[in-house]
file data.csv (CSV, C-alpha atoms)
chain,number,residue,atom,x,y,z
J,22,MET,CA,52.7,-217.8,111.4
J,23,THR,CA,52.3,-220.3,108.5
J,24,ASP,CA,53.4,-220.9,104.9
J,25,ILE,CA,51.6,-222.3,101.8
J,26,GLN,CA,53.4,-225.4,100.6
J,27,THR,CA,54.7,-225.0,97.0
J,28,MET,CA,52.1,-222.3,96.4
J,29,PHE,CA,52.9,-221.5,92.7
J,30,HIS,CA,52.6,-225.2,91.7
J,31,GLN,CA,49.0,-225.4,93.1
J,32,VAL,CA,47.8,-222.8,90.5
J,33,ARG,CA,47.2,-224.0,87.0
J,34,VAL,CA,48.0,-221.9,84.0
J,35,SER,CA,45.1,-221.3,81.6
J,36,LYS,CA,45.4,-223.2,78.2
J,37,SER,CA,45.6,-220.0,76.3
J,38,ASP,CA,48.8,-219.0,78.3
J,39,VAL,CA,50.8,-222.2,78.5
J,40,ASP,CA,52.7,-221.3,75.3
J,41,PHE,CA,54.4,-218.5,77.2
J,42,LEU,CA,55.9,-221.1,79.6
J,43,ARG,CA,57.6,-223.4,77.0
J,44,PHE,CA,61.0,-224.9,77.6
J,45,LEU,CA,63.3,-227.4,76.0
J,46,TRP,CA,64.4,-230.7,77.5
J,47,TRP,CA,67.0,-233.3,76.4
J,48,PRO,CA,65.8,-236.8,77.3
J,49,SER,CA,68.4,-238.7,79.5
J,50,ASN,CA,70.5,-235.6,79.4
J,51,ASP,CA,71.8,-236.6,75.9
J,52,VAL,CA,72.3,-233.3,74.1
J,53,SER,CA,73.2,-235.1,70.8
J,54,LYS,CA,69.5,-236.0,70.5
J,55,PRO,CA,66.8,-233.4,69.4
J,56,PRO,CA,65.3,-231.6,72.4
J,57,VAL,CA,61.7,-232.2,73.4
J,58,GLU,CA,59.5,-229.2,73.8
J,59,HIS,CA,57.4,-229.0,77.0
J,60,ARG,CA,55.0,-226.5,78.4
J,61,MET,CA,54.4,-225.8,82.1
J,62,LEU,CA,50.8,-226.4,83.2
J,63,VAL,CA,51.3,-224.7,86.6
J,64,HIS,CA,53.1,-221.4,87.6
J,65,LEU,CA,56.8,-221.7,88.0
J,66,PHE,CA,59.2,-220.2,90.6
J,67,GLY,CA,61.1,-217.3,89.1
J,68,ALA,CA,58.5,-216.0,86.7
J,69,VAL,CA,57.5,-212.4,87.4
J,70,SER,CA,53.8,-213.2,86.9
J,71,SER,CA,53.7,-216.1,89.4
J,72,PRO,CA,53.2,-214.2,92.7
J,73,SER,CA,50.3,-212.1,91.5
J,74,CYS,CA,48.6,-215.1,89.8
J,75,ALA,CA,49.0,-217.2,92.8
J,76,ASN,CA,47.7,-214.5,95.1
J,77,PHE,CA,44.7,-213.9,92.8
J,78,ALA,CA,43.9,-217.6,93.1
J,79,LEU,CA,44.2,-217.5,96.9
J,80,ARG,CA,41.9,-214.5,97.2
J,81,GLN,CA,39.5,-216.0,94.7
J,82,THR,CA,39.3,-219.1,97.0
J,83,ALA,CA,38.2,-216.8,99.8
J,84,ARG,CA,35.6,-215.0,97.7
J,85,ASP,CA,34.2,-218.3,96.4
J,86,ASN,CA,33.7,-219.6,99.9
J,87,LYS,CA,32.8,-216.4,101.6
J,88,SER,CA,29.4,-217.7,102.9
J,89,MET,CA,30.9,-220.7,104.6
J,90,PHE,CA,33.4,-219.0,106.8
J,91,HIS,CA,33.6,-216.3,109.5
J,92,PRO,CA,34.5,-212.8,108.1
J,93,LYS,CA,37.7,-212.9,110.2
J,94,VAL,CA,38.9,-215.9,108.3
J,95,ILE,CA,38.2,-214.2,104.9
J,96,SER,CA,39.9,-211.0,106.2
J,97,THR,CA,43.0,-213.0,107.1
J,98,ILE,CA,43.3,-214.2,103.5
J,99,GLU,CA,42.8,-210.7,102.1
J,100,ASN,CA,45.1,-208.8,104.6
J,101,ASN,CA,47.6,-211.0,106.3
J,102,PHE,CA,49.3,-212.9,103.5
J,103,TYR,CA,52.5,-211.8,101.9
J,104,VAL,CA,52.6,-214.1,98.8
J,105,ASP,CA,52.8,-217.5,100.5
J,106,ASP,CA,53.5,-216.4,104.1
J,107,CYS,CA,50.8,-215.6,106.6
J,108,LEU,CA,51.3,-213.6,109.8
J,109,LYS,CA,48.3,-213.0,112.1
J,110,SER,CA,47.9,-211.8,115.7
J,111,LEU,CA,44.9,-212.7,117.9
J,112,PRO,CA,43.9,-211.6,121.4
J,113,SER,CA,43.4,-215.1,122.8
J,114,GLU,CA,44.6,-218.7,122.4
J,115,GLN,CA,41.1,-220.0,121.8
J,116,GLU,CA,40.5,-217.6,118.9
J,117,ALA,CA,43.9,-218.6,117.5
J,118,VAL,CA,43.1,-222.3,117.6
J,119,GLU,CA,39.8,-221.8,115.9
J,120,LEU,CA,41.4,-219.6,113.2
J,121,VAL,CA,44.0,-222.3,112.5
J,122,LYS,CA,41.3,-224.9,111.9
J,123,GLU,CA,39.1,-222.5,109.8
J,124,LEU,CA,42.0,-221.1,107.7
J,125,THR,CA,43.4,-224.6,107.0
J,126,SER,CA,39.9,-225.7,105.8
J,127,LEU,CA,39.4,-222.7,103.6
J,128,CYS,CA,42.8,-222.9,101.9
J,129,GLN,CA,42.3,-226.6,101.2
J,130,LYS,CA,39.2,-225.8,99.2
J,131,GLY,CA,41.5,-224.0,96.8
J,132,GLY,CA,44.2,-226.7,96.8
J,133,PHE,CA,46.5,-224.8,99.2
J,134,ARG,CA,48.1,-226.7,102.1
J,135,LEU,CA,49.3,-224.7,105.1
J,136,THR,CA,52.5,-225.9,106.7
J,137,LYS,CA,55.4,-224.7,108.9
J,138,TRP,CA,53.0,-223.4,111.6
J,139,MET,CA,54.6,-221.4,114.4
J,140,SER,CA,53.2,-219.6,117.4
J,141,ASN,CA,54.4,-218.1,120.6
J,142,SER,CA,51.6,-220.0,122.3
J,143,ARG,CA,52.3,-223.6,123.2
J,144,THR,CA,48.5,-224.3,123.5
J,145,VAL,CA,48.1,-223.3,119.8
J,146,LEU,CA,51.0,-225.4,118.7
J,147,ALA,CA,49.6,-228.4,120.6
J,148,HIS,CA,46.5,-228.3,118.5
J,149,ILE,CA,48.5,-228.4,115.2
J,150,PRO,CA,49.6,-231.9,113.8
J,151,LYS,CA,53.3,-232.4,114.2
J,152,GLU,CA,53.9,-232.8,110.5
J,153,ASP,CA,52.4,-229.4,109.8
J,154,ARG,CA,54.4,-227.5,112.4
J,155,ALA,CA,57.7,-225.6,111.6
J,156,HIS,CA,60.6,-228.0,111.4
J,157,GLU,CA,62.3,-226.6,114.5
J,158,VAL,CA,59.4,-227.4,116.8
J,159,ARG,CA,58.2,-230.7,115.5
J,160,GLU,CA,60.1,-232.8,117.9
J,161,LEU,CA,60.1,-230.3,120.8
J,162,ASP,CA,58.5,-231.2,124.2
J,163,LEU,CA,56.0,-228.3,124.4
J,164,ASP,CA,55.9,-228.7,128.2
J,165,ARG,CA,59.6,-228.3,128.8
J,166,ASP,CA,61.7,-227.3,125.8
J,167,LYS,CA,62.3,-223.7,124.8
J,168,LEU,CA,60.8,-222.4,121.5
J,169,SER,CA,63.2,-221.5,118.8
J,170,ILE,CA,64.1,-218.3,117.0
J,171,GLU,CA,62.3,-218.0,113.6
J,172,ARG,CA,62.4,-215.5,110.7
J,173,ALA,CA,59.2,-213.6,110.3
J,174,LEU,CA,59.3,-212.0,106.9
J,175,GLY,CA,63.1,-211.6,107.2
J,176,LEU,CA,63.1,-210.3,110.8
J,177,LEU,CA,64.5,-212.5,113.7
J,178,TRP,CA,61.5,-213.4,115.9
J,179,SER,CA,62.4,-214.9,119.3
J,180,VAL,CA,59.3,-217.0,119.7
J,181,GLU,CA,59.9,-218.0,123.4
J,182,ASP,CA,59.8,-214.4,124.7
J,183,ASP,CA,58.0,-212.9,121.7
J,184,MET,CA,60.6,-210.3,120.7
J,185,PHE,CA,62.2,-209.1,117.5
J,186,LYS,CA,66.0,-209.5,117.9
J,187,PHE,CA,69.0,-208.6,115.8
J,188,ASN,CA,72.2,-210.5,115.0
J,189,ILE,CA,74.4,-208.8,112.4
J,190,ILE,CA,77.3,-211.0,111.4
J,191,VAL,CA,80.0,-209.1,109.4
J,192,LYS,CA,82.5,-211.1,107.4
J,193,ASP,CA,86.1,-209.8,107.5
J,194,LYS,CA,86.5,-208.1,104.1
J,195,PRO,CA,88.9,-205.5,102.8
J,196,HIS,CA,87.8,-202.0,103.6
J,197,THR,CA,86.5,-200.8,100.2
J,198,ARG,CA,83.5,-198.8,99.1
J,199,ARG,CA,82.0,-201.9,97.5
J,200,ASN,CA,82.3,-204.1,100.6
J,201,MET,CA,81.0,-201.4,102.9
J,202,LEU,CA,77.9,-200.9,100.7
J,203,SER,CA,77.4,-204.7,100.6
J,204,ILE,CA,77.5,-205.0,104.4
J,205,VAL,CA,75.2,-202.0,105.0
J,206,SER,CA,72.7,-203.2,102.4
J,207,SER,CA,72.6,-206.7,104.0
J,208,ILE,CA,71.1,-205.3,107.2
J,209,TYR,CA,67.4,-206.0,106.7
J,210,ASP,CA,65.4,-203.5,108.7
J,211,PRO,CA,62.1,-202.6,106.9
J,212,LEU,CA,60.6,-200.9,110.0
J,213,GLY,CA,63.6,-198.7,110.7
J,214,PHE,CA,64.4,-200.0,114.2
J,215,LEU,CA,68.1,-199.6,113.4
J,216,CYS,CA,68.0,-196.5,111.1
J,217,PRO,CA,69.9,-194.2,113.5
J,218,LEU,CA,72.7,-196.9,113.6
J,219,THR,CA,73.1,-197.2,109.8
J,220,LEU,CA,73.0,-193.4,109.1
J,221,PRO,CA,76.7,-192.7,110.1
J,222,VAL,CA,77.9,-195.4,107.7
J,223,LYS,CA,75.7,-194.0,104.9
J,224,LEU,CA,77.3,-190.6,105.6
J,225,LEU,CA,80.7,-192.2,105.4
J,226,LEU,CA,79.9,-193.8,102.0
J,227,GLN,CA,78.5,-190.5,100.8
J,228,GLU,CA,81.8,-188.8,101.7
J,229,LEU,CA,83.8,-191.4,99.8
J,230,CYS,CA,81.5,-190.9,96.9
J,231,ARG,CA,81.9,-187.1,97.0
J,232,SER,CA,85.7,-187.5,97.0
J,233,LYS,CA,85.3,-189.9,94.0
J,234,HIS,CA,87.1,-192.7,95.7
J,235,ASP,CA,87.4,-195.9,93.6
J,236,TRP,CA,85.0,-198.7,94.3
J,237,ASP,CA,87.6,-201.4,94.9
J,238,SER,CA,90.6,-199.6,96.3
J,239,ARG,CA,91.2,-199.4,100.0
J,240,ILE,CA,89.6,-196.4,101.7
J,241,PRO,CA,91.7,-193.8,103.5
J,242,GLN,CA,93.0,-194.6,107.0
J,243,ALA,CA,90.7,-192.1,108.7
J,244,ALA,CA,87.6,-193.6,107.0
J,245,SER,CA,88.8,-197.1,107.7
J,246,ASP,CA,89.1,-196.4,111.4
J,247,LYS,CA,85.5,-195.1,111.6
J,248,TRP,CA,84.3,-198.2,109.7
J,249,ARG,CA,86.2,-200.5,112.0
J,250,ARG,CA,84.8,-198.8,115.2
J,251,TRP,CA,81.3,-199.1,113.7
J,252,ILE,CA,81.7,-202.8,113.1
J,253,ASP,CA,83.3,-203.5,116.5
J,254,HIS,CA,80.3,-202.1,118.3
J,255,LEU,CA,77.7,-204.2,116.5
J,256,ASP,CA,78.1,-207.0,119.1
J,257,VAL,CA,76.0,-205.0,121.6
J,258,LEU,CA,72.9,-205.4,119.4
J,259,GLU,CA,72.5,-208.8,121.0
J,260,ASN,CA,70.9,-206.9,123.9
J,261,PHE,CA,68.6,-204.9,121.6
J,262,GLN,CA,65.1,-206.2,121.3
J,263,VAL,CA,61.7,-204.9,120.3
J,264,ALA,CA,58.3,-206.2,121.3
J,265,PRO,CA,56.1,-206.9,118.2
J,266,CYS,CA,52.9,-206.5,120.2
J,267,VAL,CA,51.4,-203.0,119.8
J,268,LYS,CA,48.2,-203.6,121.8
J,269,PRO,CA,48.8,-205.5,125.0
J,270,SER,CA,46.2,-207.4,126.9
J,271,GLY,CA,44.1,-205.2,129.2
J,272,PHE,CA,43.6,-202.5,126.6
J,273,ARG,CA,39.9,-203.3,126.0
J,274,PRO,CA,37.9,-201.3,125.2
J,275,LEU,CA,40.0,-198.7,123.6
J,276,ARG,CA,39.0,-195.1,124.2
J,277,GLN,CA,41.5,-193.5,121.8
J,278,THR,CA,44.0,-194.6,119.2
J,279,GLU,CA,46.3,-192.1,117.7
J,280,LEU,CA,49.5,-191.8,115.7
J,281,HIS,CA,52.3,-189.4,116.8
J,282,HIS,CA,54.9,-188.5,114.2
J,283,PHE,CA,58.3,-186.7,115.0
J,284,SER,CA,60.6,-185.2,112.4
J,285,ASP,CA,64.0,-183.5,112.5
J,286,ALA,CA,66.9,-182.5,110.4
J,287,SER,CA,70.6,-181.7,110.8
J,288,ASP,CA,73.6,-180.8,108.7
J,289,HIS,CA,74.1,-184.5,107.9
J,290,GLY,CA,70.6,-185.8,107.3
J,291,TYR,CA,67.0,-185.9,108.2
J,292,GLY,CA,64.7,-188.4,109.8
J,293,THR,CA,61.3,-189.3,111.2
J,294,VAL,CA,59.9,-191.7,113.8
J,295,SER,CA,56.3,-192.7,114.4
J,296,TYR,CA,54.5,-194.1,117.4
J,297,LEU,CA,51.1,-195.6,118.1
J,298,ARG,CA,49.5,-194.2,121.3
J,299,LEU,CA,46.7,-196.2,122.9
J,300,THR,CA,44.4,-195.0,125.7
J,301,ALA,CA,42.0,-197.4,127.4
J,302,ASP,CA,38.8,-196.5,129.2
J,303,ASN,CA,40.6,-197.0,132.5
J,304,HIS,CA,43.0,-194.2,131.4
J,305,MET,CA,45.9,-196.7,130.9
J,306,VAL,CA,48.3,-195.5,128.2
J,307,HIS,CA,50.6,-197.6,125.9
J,308,VAL,CA,53.0,-196.3,123.3
J,309,SER,CA,54.5,-198.5,120.6
J,310,PHE,CA,57.2,-197.9,117.9
J,311,MET,CA,55.7,-198.1,114.4
J,312,LEU,CA,58.2,-196.9,111.8
J,313,GLY,CA,61.6,-195.0,111.6
J,314,LYS,CA,63.2,-193.4,108.6
J,315,ALA,CA,66.7,-191.8,108.2
J,316,ARG,CA,68.0,-190.1,105.1
J,317,VAL,CA,71.4,-188.6,104.4
J,318,ALA,CA,71.5,-185.0,103.2
J,319,PRO,CA,71.6,-184.7,99.4
J,320,LEU,CA,75.0,-184.0,97.8
J,321,LYS,CA,73.7,-180.7,96.6
J,322,GLN,CA,73.8,-178.6,99.8
J,323,MET,CA,70.5,-177.5,101.3
J,324,THR,CA,69.7,-175.1,104.1
J,325,ILE,CA,68.5,-176.5,107.4
J,326,PRO,CA,65.0,-175.0,107.1
J,327,HIS,CA,64.7,-176.8,103.7
J,328,MET,CA,66.0,-180.0,105.2
J,329,GLU,CA,63.4,-179.7,108.1
J,330,LEU,CA,60.7,-179.2,105.4
J,331,ALA,CA,61.8,-182.3,103.6
J,332,ALA,CA,61.6,-184.2,106.9
J,333,ALA,CA,58.0,-182.9,107.4
J,334,VAL,CA,57.0,-184.1,103.9
J,335,LEU,CA,58.5,-187.5,104.6
J,336,VAL,CA,56.5,-187.8,107.9
J,337,VAL,CA,53.3,-186.9,106.1
J,338,LYS,CA,53.8,-189.7,103.6
J,339,VAL,CA,54.5,-192.1,106.5
J,340,ASP,CA,51.3,-191.1,108.2
J,341,LYS,CA,49.3,-191.7,105.0
J,342,MET,CA,50.8,-195.2,104.6
J,343,LEU,CA,50.4,-196.1,108.3
J,344,ARG,CA,46.7,-195.0,108.4
J,345,LYS,CA,46.1,-197.3,105.4
J,346,GLU,CA,47.9,-200.3,106.9
J,347,VAL,CA,47.1,-200.2,110.7
J,348,GLU,CA,43.9,-202.2,111.3
J,349,LEU,CA,42.6,-199.9,114.1
J,350,LYS,CA,40.2,-197.0,114.1
J,351,LEU,CA,42.6,-194.1,114.3
J,352,SER,CA,42.0,-190.6,115.7
J,353,GLN,CA,43.6,-187.5,114.0
J,354,SER,CA,47.4,-187.8,113.8
J,355,THR,CA,49.7,-185.4,115.6
J,356,PHE,CA,52.9,-184.1,114.0
J,357,TRP,CA,55.8,-182.8,116.1
J,358,THR,CA,58.8,-180.7,114.9
J,359,ASP,CA,61.5,-178.6,116.6
J,360,SER,CA,61.6,-176.2,113.6
J,361,GLN,CA,59.7,-173.0,114.0
J,362,SER,CA,60.4,-172.3,110.3
J,363,VAL,CA,58.4,-175.3,109.2
J,364,LEU,CA,55.5,-174.4,111.5
J,365,LYS,CA,55.5,-170.9,110.1
J,366,TYR,CA,55.7,-172.2,106.5
J,367,ILE,CA,52.7,-174.4,107.1
J,368,ALA,CA,50.6,-171.8,108.9
J,369,ASN,CA,51.3,-169.1,106.4
J,370,GLU,CA,48.3,-168.1,104.3
J,371,GLN,CA,49.6,-165.0,102.4
J,372,THR,CA,53.3,-165.4,101.3
J,373,ARG,CA,54.1,-166.8,97.8
J,374,PHE,CA,57.0,-169.2,98.3
J,375,HIS,CA,59.6,-170.3,95.8
J,376,THR,CA,58.8,-173.5,93.9
J,377,PHE,CA,60.8,-175.8,96.3
J,378,VAL,CA,59.0,-174.6,99.4
J,379,ALA,CA,55.6,-174.2,97.7
J,380,ASN,CA,55.4,-177.7,96.3
J,381,ARG,CA,56.2,-179.2,99.7
J,382,ILE,CA,53.9,-177.0,101.7
J,383,SER,CA,51.1,-177.9,99.2
J,384,LEU,CA,51.6,-181.6,99.8
J,385,ILE,CA,51.6,-181.0,103.6
J,386,ARG,CA,48.4,-178.8,103.5
J,387,ASP,CA,46.6,-181.2,101.2
J,388,ASN,CA,47.1,-184.1,103.6
J,389,THR,CA,47.1,-182.5,107.1
J,390,ASP,CA,45.5,-179.6,109.0
J,391,VAL,CA,47.5,-176.8,110.5
J,392,SER,CA,46.1,-177.7,114.0
J,393,GLN,CA,47.8,-181.1,113.8
J,394,TRP,CA,51.3,-179.6,113.8
J,395,ARG,CA,53.0,-178.9,117.2
J,396,TYR,CA,56.3,-177.7,118.4
J,397,ILE,CA,58.7,-179.8,120.5
J,398,ARG,CA,62.1,-178.9,122.0
J,399,THR,CA,65.0,-180.6,120.4
J,400,LYS,CA,66.1,-182.4,123.6
J,401,LEU,CA,62.6,-184.1,123.7
J,402,ASN,CA,62.5,-185.0,120.0
J,403,PRO,CA,63.3,-188.7,119.4
J,404,ALA,CA,63.7,-188.0,115.6
J,405,ASP,CA,67.0,-186.2,116.5
J,406,MET,CA,68.6,-189.6,116.7
J,407,ALA,CA,67.5,-190.4,113.2
J,408,SER,CA,68.8,-187.2,111.7
J,409,ARG,CA,72.2,-187.3,113.4
J,410,GLY,CA,72.9,-191.0,113.8
J,411,VAL,CA,74.1,-192.9,116.9
J,412,SER,CA,76.5,-195.7,117.7
J,413,ALA,CA,75.2,-199.2,118.5
J,414,SER,CA,75.9,-198.8,122.3
J,415,THR,CA,74.0,-195.5,122.4
J,416,LEU,CA,71.0,-197.1,120.5
J,417,VAL,CA,70.8,-200.0,123.0
J,418,LYS,CA,70.9,-197.7,126.0
J,419,CYS,CA,68.5,-195.1,124.8
J,420,LYS,CA,65.0,-196.4,125.6
J,421,GLU,CA,63.2,-193.3,124.1
J,422,TRP,CA,63.8,-194.4,120.5
J,423,ILE,CA,61.7,-197.6,120.8
J,424,GLN,CA,59.4,-196.6,123.7
J,425,GLY,CA,58.8,-193.0,122.6
J,426,PRO,CA,59.3,-189.8,124.6
J,427,GLU,CA,58.3,-189.9,128.2
J,428,PHE,CA,55.5,-187.3,127.9
J,429,LEU,CA,53.5,-189.5,125.4
J,430,TRP,CA,53.0,-192.0,128.3
J,431,ARG,CA,51.2,-189.3,130.4
J,432,THR,CA,47.5,-188.4,130.1
J,433,GLU,CA,46.7,-185.7,127.5
J,434,GLU,CA,46.1,-183.1,130.3
J,435,GLU,CA,49.7,-183.5,131.5

call {"tool": "encode", "arguments": {"input": "data.csv", "output": "structure tokens"}}
result
Amino acid sequence: MTDIQTMFHQVRVSKSDVDFLRFLWWPSNDVSKPPVEHRMLVHLFGAVSSPSCANFALRQTARDNKSMFHPKVISTIENNFYVDDCLKSLPSEQEAVELVKELTSLCQKGGFRLTKWMSNSRTVLAHIPKEDRAHEVRELDLDRDKLSIERALGLLWSVEDDMFKFNIIVKDKPHTRRNMLSIVSSIYDPLGFLCPLTLPVKLLLQELCRSKHDWDSRIPQAASDKWRRWIDHLDVLENFQVAPCVKPSGFRPLRQTELHHFSDASDHGYGTVSYLRLTADNHMVHVSFMLGKARVAPLKQMTIPHMELAAAVLVVKVDKMLRKEVELKLSQSTFWTDSQSVLKYIANEQTRFHTFVANRISLIRDNTDVSQWRYIRTKLNPADMASRGVSASTLVKCKEWIQGPEFLWRTEEE
């Protein structure tokens, strides 16, 4: 993991555009004097245009020097940067050391300096100059000291044991709708590891909204007790961790790579969860959590079959996104649901449905084949947790949410 030092300031603004970045300055902070007009010659932090312009310059650097570097280095520039942050996974330390050198050299050709390097490999860190390493590891003894916990695009990454971890600190605030929403929104969870945990609180907020409870007045005692219990159980998340590696060593060559998606709905909400299933030539199987989603039921009441259909549409959209983002050659995806109604909707070739159902069936049939949809019993469906919500202690104990249902780890014949 690395970062481009002051990325925006390394990209000049074209002469025809500098007038858009004018500002006034009072010399010596004396506002009694006439202000002096200045124009920025480089992109500034805070401008909406800066990230896209800087990213264009970075990619242009890769295109201009394409013939001088390995395609993997060019691909890293094109696919593994999020504005100024780069995250890249490699199968060996030797390849990682080589990429660090090549990537640093390529970025320097565009005036970009890579700093704050971090790796879960001490060998890789040893090949990086101290001044270019992340601040927390510059003075570490790589032979003895433990590696620190870093933030990888907002997620807590325990570098020493290579795990994503969670540490939710809740400040003691009055129990109001505004404060509840503030705390729930502060939980950064883009991959949905914790979505079964946050659903009950979202339902509580929805109930307060339905009763038109004021934003800043204290919530009723019953709701306050539920909120307090939810907060008190967050401490157990210290034991909750997820491995970021989705393709462990030993899985070469791969025989099959497939996505398995599960959807479910309840009276309260609907949810999905997706897993990547890898099969090696030696018949080893590995299953990794990819993405979870949990949505509360809309205020306008819907039937359970319609909710199940909404979950099926959501999982199709997730599949489309994952197939675009996962840098692996994927086989056909498999979709699992415990709703016979949804399976009959999808397989139906004759009935004319009402607009709500017809629109959703059309989206599903346009992006998937009927043969990709399968039935699963509710007890085996991990998406049941996303549609109903669970407590923090239940989430930590339940291995199936992160590891996937037990049957996915078996051979396809089983």

call {"tool": "closest_residue", "arguments": {"input": "data.csv", "among": "J:Leu280, J:Val267, J:Ala404, J:Val222", "to": "Arg344 in chain J", "atoms": "only C-alpha atoms"}}
result
J:Leu280

call {"tool": "closest_residue", "arguments": {"input": "data.csv", "among": "J:Leu161, J:Leu135, J:Leu297, J:Ala315", "to": "Arg409 in chain J", "atoms": "only C-alpha atoms"}}
result
J:Ala315

call {"tool": "atom_distance", "arguments": {"input": "data.csv", "atom1": "CA of His289 in chain J", "atom2": "CA of Val363 in chain J"}}
result
18.2 Å

call {"tool": "closest_residue", "arguments": {"input": "data.csv", "among": "J:Leu65, J:Val121, J:Leu218, J:Ile382", "to": "Ser140 in chain J", "atoms": "only C-alpha atoms"}}
result
J:Val121

call {"tool": "atom_distance", "arguments": {"input": "data.csv", "atom1": "CA of Ile149 in chain J", "atom2": "CA of Lys268 in chain J"}}
result
25.7 Å

call {"tool": "atom_distance", "arguments": {"input": "data.csv", "atom1": "CA of His64 in chain J", "atom2": "CA of Asp38 in chain J"}}
result
10.5 Å

call {"tool": "closest_residue", "arguments": {"input": "data.csv", "among": "J:Val347, J:Leu45, J:Leu299, J:Met406", "to": "Pro274 in chain J", "atoms": "only C-alpha atoms"}}
result
J:Leu299

call {"tool": "closest_residue", "arguments": {"input": "data.csv", "among": "J:Ser408, J:Cys419, J:Arg381, J:His148", "to": "Lys223 in chain J", "atoms": "all atoms listed in the file"}}
result
J:Ser408

call {"tool": "closest_residue", "arguments": {"input": "data.csv", "among": "J:Leu275, J:Met22, J:Ala368, J:Met61", "to": "Arg154 in chain J", "atoms": "only C-alpha atoms"}}
result
J:Met22

call {"tool": "residues_around", "arguments": {"input": "data.csv", "residues": "range 87-94 of chain J", "least_positions_apart": "2", "cutoff": "12 Å", "atoms": "all atoms listed in the file", "output": "compact mmCIF listing (two decimals) with C-alpha atoms, in the coordinates of the input"}}
result
# COMPACT_ATOMS: atom_id res chain seq x y z
CA ARG J 80 41.90 -214.50 97.20
CA GLN J 81 39.50 -216.00 94.70
CA THR J 82 39.30 -219.10 97.00
CA ALA J 83 38.20 -216.80 99.80
CA ARG J 84 35.60 -215.00 97.70
CA ASP J 85 34.20 -218.30 96.40
CA SER J 96 39.90 -211.00 106.20
CA THR J 97 43.00 -213.00 107.10
CA ILE J 98 43.30 -214.20 103.50
CA GLU J 99 42.80 -210.70 102.10
CA ASN J 100 45.10 -208.80 104.60
CA ASN J 101 47.60 -211.00 106.30
CA PHE J 102 49.30 -212.90 103.50
CA LYS J 109 48.30 -213.00 112.10
CA SER J 110 47.90 -211.80 115.70
CA LEU J 111 44.90 -212.70 117.90
CA GLU J 116 40.50 -217.60 118.90
CA ALA J 117 43.90 -218.60 117.50
CA GLU J 119 39.80 -221.80 115.90
CA LEU J 120 41.40 -219.60 113.20
CA VAL J 121 44.00 -222.30 112.50
CA LYS J 122 41.30 -224.90 111.90
CA GLU J 123 39.10 -222.50 109.80
CA LEU J 124 42.00 -221.10 107.70
CA THR J 125 43.40 -224.60 107.00
CA SER J 126 39.90 -225.70 105.80
CA LEU J 127 39.40 -222.70 103.60
CA CYS J 128 42.80 -222.90 101.90
CA LYS J 130 39.20 -225.80 99.20

call {"tool": "residues_near_point", "arguments": {"input": "data.csv", "point": "(89.2, -203.3, 95.4)", "cutoff": "12 Å", "atoms": "only C-alpha atoms", "output": "JSON, numbers by chain"}}
result
{"J": [194, 195, 196, 197, 198, 199, 200, 201, 234, 235, 236, 237, 238, 239, 240]}

call {"tool": "residues_around", "arguments": {"input": "data.csv", "residues": "range 103-106 of chain J", "least_positions_apart": "5", "cutoff": "10 Å", "atoms": "all atoms listed in the file", "output": "compact mmCIF listing (two decimals) with C-alpha atoms, in the coordinates of the input"}}
result
# COMPACT_ATOMS: atom_id res chain seq x y z
CA MET J 22 52.70 -217.80 111.40
CA THR J 23 52.30 -220.30 108.50
CA ASP J 24 53.40 -220.90 104.90
CA ILE J 25 51.60 -222.30 101.80
CA GLN J 26 53.40 -225.40 100.60
CA THR J 27 54.70 -225.00 97.00
CA MET J 28 52.10 -222.30 96.40
CA PHE J 29 52.90 -221.50 92.70
CA SER J 71 53.70 -216.10 89.40
CA PRO J 72 53.20 -214.20 92.70
CA SER J 73 50.30 -212.10 91.50
CA CYS J 74 48.60 -215.10 89.80
CA ALA J 75 49.00 -217.20 92.80
CA ASN J 76 47.70 -214.50 95.10
CA PHE J 77 44.70 -213.90 92.80
CA LEU J 79 44.20 -217.50 96.90
CA ILE J 98 43.30 -214.20 103.50
CA PHE J 133 46.50 -224.80 99.20
CA LEU J 135 49.30 -224.70 105.10
CA THR J 136 52.50 -225.90 106.70
CA LYS J 137 55.40 -224.70 108.90
CA ALA J 173 59.20 -213.60 110.30
CA LEU J 174 59.30 -212.00 106.90

call {"tool": "residues_near_point", "arguments": {"input": "data.csv", "point": "(60.4, -230.6, 114.2)", "cutoff": "12 Å", "atoms": "only C-alpha atoms", "output": "MDAnalysis selection string"}}
result
chainID J and resid 136:139 146 150:163 168:169

call {"tool": "residues_around", "arguments": {"input": "data.csv", "residues": "Arg373 in chain J", "least_positions_apart": "5", "cutoff": "12 Å", "atoms": "all atoms listed in the file", "output": "PyMOL selection string"}}
result
chain J and resi 366+378-380+382-383

call {"tool": "write_last_selection", "arguments": {"input": "data.csv", "atoms": "C-alpha atoms", "output": "JSON list (two decimals), in the coordinates of the input"}}
result
[["chain", "number", "residue", "atom", "x", "y", "z"],
["J", 366, "TYR", "CA", 55.70, -172.20, 106.50],
["J", 378, "VAL", "CA", 59.00, -174.60, 99.40],
["J", 379, "ALA", "CA", 55.60, -174.20, 97.70],
["J", 380, "ASN", "CA", 55.40, -177.70, 96.30],
["J", 382, "ILE", "CA", 53.90, -177.00, 101.70],
["J", 383, "SER", "CA", 51.10, -177.90, 99.20]]

call {"tool": "residues_around", "arguments": {"input": "data.csv", "residues": "range 390-398 of chain J", "least_positions_apart": "3", "cutoff": "9 Å", "atoms": "only C-alpha atoms", "output": "VMD selection string"}}
result
chain J and resid 283 353 to 361 364 367 to 368 385 to 387 401 to 402
